[in-house]
Amino acid sequence: MTDREQGGIQNAPDEKRPVTLFSAAIIVVANMIGIGVFTTLGFQVASLQSPFAVLMLWVLGGVGAFCGALCYGELGAMMPRSGGEYTYLSNIYHPAVGFLSGWVSMVAGFAAPIALAAIALGEYAGAILPGLDKTVIAVSIVVILSVVHLTDVRFGCHFQNLFTGGKILLIVIFIVLGFFVPSPQNISLVPSRSDLGSVFSPAFAISLVYVFYAYSGWNSSSYIAGEILRPEKNLPISLFLGAAFVSLCYCLINYIFLYTVPMSELSGQIDVGYLSAKSIFGHRGGNLMTVLVCVALISSLSSLIMVGPRVTQTMSEDMKSLRFLAKRNARGAPVFAIILQAAIAIFLTLTATFNTVLTYVGFTLALFASLTVLGVFVLRLKYPHRPRPFKTWGYPVTPAIFLLLYGWMICYLFIERPLPSVFGLLTLASGLLLYKLLATKRLRRPKDNVIEKSTP
């Protein structure tokens, strides 16, 4: 295969890599700041009555995201090929494990979050324009943005940068002006005994799924590593800069949500950003800020639609029967992968409820993120002398913290919310069956092209 056919593997010349460090970091920020921070607080407040416990959720979410970003930075610098978990797990464990992660990414990793973001966009738009059909809005934006990213990779990057810049400005304005709300809520950051009890409760562990989902995207630039300029250096930098910046923003903006709106009004609501904006700016100002929230959601959707097909494309390069999904147009966009992702996202938008899809996504993604971070330990033990352009800071504590946080959440989620968890396991089972059917038609083993090339 040529470099173009292989999606920009590690030996492609720089001129064929359209994503700069700035664009890669922007993609991380755009993926992270989106639907989760503007929609999930209401579900957390419904089960946790302690503002301190709710804010601790976001602090722990930031710790987990930053630790995960550092671990992915090491793996991505060692294996600078697009595909994210698919590439890493295929090399660390077995191609079947990589295929399962790619299958899950196709369905739960990107198509489902696209559906969630589209549903949320419909909810926010419906709050200020009640006459609009929320479902029509959701489906239309998926189609429009998919067409944008079908046209040109570089154009998609510029579109992404523009909307993400607007989203960052929105977050900063929201945080600063939120402190001047006329009637703030009384929130204490000093924990009481009951607050500490809430932190160690099953409800807290289950609520982590909403927070970890909101933080999802900290690994997004790893999915397009083959298109990043000097990925050995720029990929790790983009991951941890993006994760650190968003973690700070998330803790501050959720404090503002709690500071400006009574918890009883937030409980169970999806459009928490609209409620807070109305409290800060009044009804008209709230509508204006809600328009900006919609812009932020468009940025998040755009980033997901851009990044997701690269996993499908990379996986399809290694499976002969899926080779058509790796086909790219003259401007570098993976045509059929984008179309397939859009079709799945539209189906989920039309058929699934918000909370069920969110829990399902959180469970399945947490499983493979944990396996990937565990791979840092595996590779350090199996190949201690292999070149590592970037090493995880604080190893082995950093990956251990990540695994403890995610493992805690997965266990409680499976016990307390078994149905979405079972759907996640059924997705894995269907992927394993598909792999068995396609395994005899493999083009090549991914590790023969990535890991062995880095062996000294």
# chains A, B, ... in the order shown; residues from 1 in each chain; ligands from 1

$ closest_atom_pairs --of "range 95-184 of chain A" --to "range 311-328 of chain A" --cutoff "12 Å" --atoms "only C-alpha atoms" --output "CSV"
residue,atom,partner,partner_atom,distance
A:Pro95,CA,A:Asp318,CA,9.5
A:Ala96,CA,A:Met315,CA,11.0
A:Val97,CA,A:Met315,CA,11.7
A:Gly98,CA,A:Met315,CA,8.4
A:Phe99,CA,A:Met315,CA,7.0
A:Leu100,CA,A:Met315,CA,10.1
A:Ser101,CA,A:Val311,CA,9.4
A:Gly102,CA,A:Val311,CA,6.2
A:Trp103,CA,A:Thr312,CA,8.0
A:Val104,CA,A:Val311,CA,10.2
A:Ser105,CA,A:Val311,CA,7.3
A:Met106,CA,A:Thr312,CA,6.5
A:Val107,CA,A:Thr312,CA,10.2
A:Gly109,CA,A:Val311,CA,9.9
A:Phe110,CA,A:Val311,CA,9.7
A:Ala111,CA,A:Thr312,CA,11.4
A:His149,CA,A:Arg328,CA,11.7
A:Leu150,CA,A:Arg328,CA,9.3
A:Thr151,CA,A:Arg328,CA,10.7
A:Asp152,CA,A:Arg328,CA,10.3
A:Val153,CA,A:Arg328,CA,10.5

$ residues_around --residues "range 300-302 of chain A" --least-positions-apart "3" --cutoff "7 Å" --atoms "only C-alpha atoms" --output "MDAnalysis selection string"
chainID A and resid 30:31 33:34 114 117 145 160 296:297 305:306

$ write_last_selection --atoms "C-alpha atoms" --output "mmCIF file, in the first residue's frame"
data_model
loop_
_atom_site.group_PDB
_atom_site.id
_atom_site.type_symbol
_atom_site.label_atom_id
_atom_site.label_comp_id
_atom_site.auth_asym_id
_atom_site.auth_seq_id
_atom_site.Cartn_x
_atom_site.Cartn_y
_atom_site.Cartn_z
ATOM 1 C CA ALA A 30 -13.116 20.068 20.908
ATOM 2 C CA ASN A 31 -13.784 16.387 21.620
ATOM 3 C CA ILE A 33 -15.686 20.137 25.730
ATOM 4 C CA GLY A 34 -19.054 19.286 24.347
ATOM 5 C CA ILE A 114 -22.515 11.794 17.907
ATOM 6 C CA ALA A 117 -24.537 15.395 20.973
ATOM 7 C CA LEU A 145 -21.248 18.075 9.316
ATOM 8 C CA GLN A 160 -12.905 22.662 13.592
ATOM 9 C CA ALA A 296 -20.098 24.507 21.187
ATOM 10 C CA LEU A 297 -22.063 21.329 20.514
ATOM 11 C CA ILE A 305 -17.312 13.146 12.939
ATOM 12 C CA MET A 306 -13.761 13.993 11.855
#

$ residues_around --residues "range 186-193 of chain A" --least-positions-apart "2" --cutoff "6 Å" --atoms "only C-alpha atoms" --output "list in words"
Phe52, Asp195 and Leu196 of chain A

$ write_last_selection --atoms "N, CA and C atoms" --output "PDB file, in the first residue's frame"
ATOM      1  N   PHE A  52     -20.319  19.469  47.313  1.00  0.00           N
ATOM      2  CA  PHE A  52     -18.911  19.081  47.425  1.00  0.00           C
ATOM      3  C   PHE A  52     -18.658  17.764  46.700  1.00  0.00           C
ATOM      4  N   ASP A 195     -20.800  14.822  53.524  1.00  0.00           N
ATOM      5  CA  ASP A 195     -20.195  14.976  52.196  1.00  0.00           C
ATOM      6  C   ASP A 195     -19.209  13.849  51.918  1.00  0.00           C
ATOM      7  N   LEU A 196     -18.385  13.528  52.914  1.00  0.00           N
ATOM      8  CA  LEU A 196     -17.409  12.444  52.743  1.00  0.00           C
ATOM      9  C   LEU A 196     -18.113  11.113  52.554  1.00  0.00           C
TER      10      LEU A 196
END

$ residues_around --residues "Val136 in chain A" --least-positions-apart "4" --cutoff "10 Å" --atoms "only C-alpha atoms" --output "PyMOL selection string"
chain A and resi 118-119+122+132+140-141+350

$ write_last_selection --atoms "C-alpha atoms" --output "short mmCIF file (atom, residue, chain, number, x, y, z; two decimals), in the first residue's frame"
data_model
loop_
_atom_site.label_atom_id
_atom_site.label_comp_id
_atom_site.auth_asym_id
_atom_site.auth_seq_id
_atom_site.Cartn_x
_atom_site.Cartn_y
_atom_site.Cartn_z
CA ALA A 118 -27.14 15.70 18.22
CA ILE A 119 -29.96 14.93 20.67
CA GLY A 122 -31.95 19.46 19.48
CA LEU A 132 -38.57 23.48 15.71
CA SER A 140 -29.85 17.47 9.93
CA ILE A 141 -26.73 18.57 11.80
CA LEU A 350 -34.01 8.17 16.08
#

$ closest_residue --among "A:Leu437, A:Ile237, A:Ala108, A:Leu248" --to "Tyr215 in chain A" --atoms "only C-alpha atoms"
A:Leu248

$ closest_residue --among "A:Gly242, A:Gly226, A:Gly73, A:Gly68" --to "Phe368 in chain A" --atoms "only C-alpha atoms"
A:Gly68

$ residues_around --residues "Pro231 in chain A" --least-positions-apart "2" --cutoff "9 Å" --atoms "only C-alpha atoms" --output "number ranges by chain"
A: 10, 21, 76-77, 80-81, 225-229, 233-236

$ closest_residue --among "A:Asn219, A:Ser23, A:Asn287, A:Ser421" --to "Val373 in chain A" --atoms "only C-alpha atoms"
A:Asn219

$ closest_residue --among "A:Leu340, A:Ile280, A:Leu292, A:Ala244" --to "Gly308 in chain A" --atoms "only C-alpha atoms"
A:Leu340

$ residues_around --residues "Cys249 in chain A" --least-positions-apart "4" --cutoff "12 Å" --atoms "only C-alpha atoms" --output "PyMOL selection string"
chain A and resi 29+32-34+37+58-59+62+167-176+214-215+242-245+253-256

$ atom_distance --atom1 "CA of Pro309 in chain A" --atom2 "CA of Val147 in chain A"
13.0 Å

$ atom_distance --atom1 "CA of Thr39 in chain A" --atom2 "CA of Val211 in chain A"
10.3 Å

$ select_by_dssp --residues "range 4-153 of chain A" --states "helix (DSSP H, G or I)" --output "ChimeraX atom specification"
/A:14-16,21-32,35-39,41-47,51-78,85-92,95-128,134-151,153

$ closest_residue --among "A:Ile92, A:Leu48, A:Leu381, A:Leu438" --to "Ser201 in chain A" --atoms "only C-alpha atoms"
A:Leu48

$ residues_around --residues "Thr398 in chain A" --least-positions-apart "6" --cutoff "8 Å" --atoms "only C-alpha atoms" --output "ChimeraX atom specification"
/A:67-68,70-71,392

$ atom_distance --atom1 "CA of Ser238 in chain A" --atom2 "CA of Ala342 in chain A"
26.5 Å
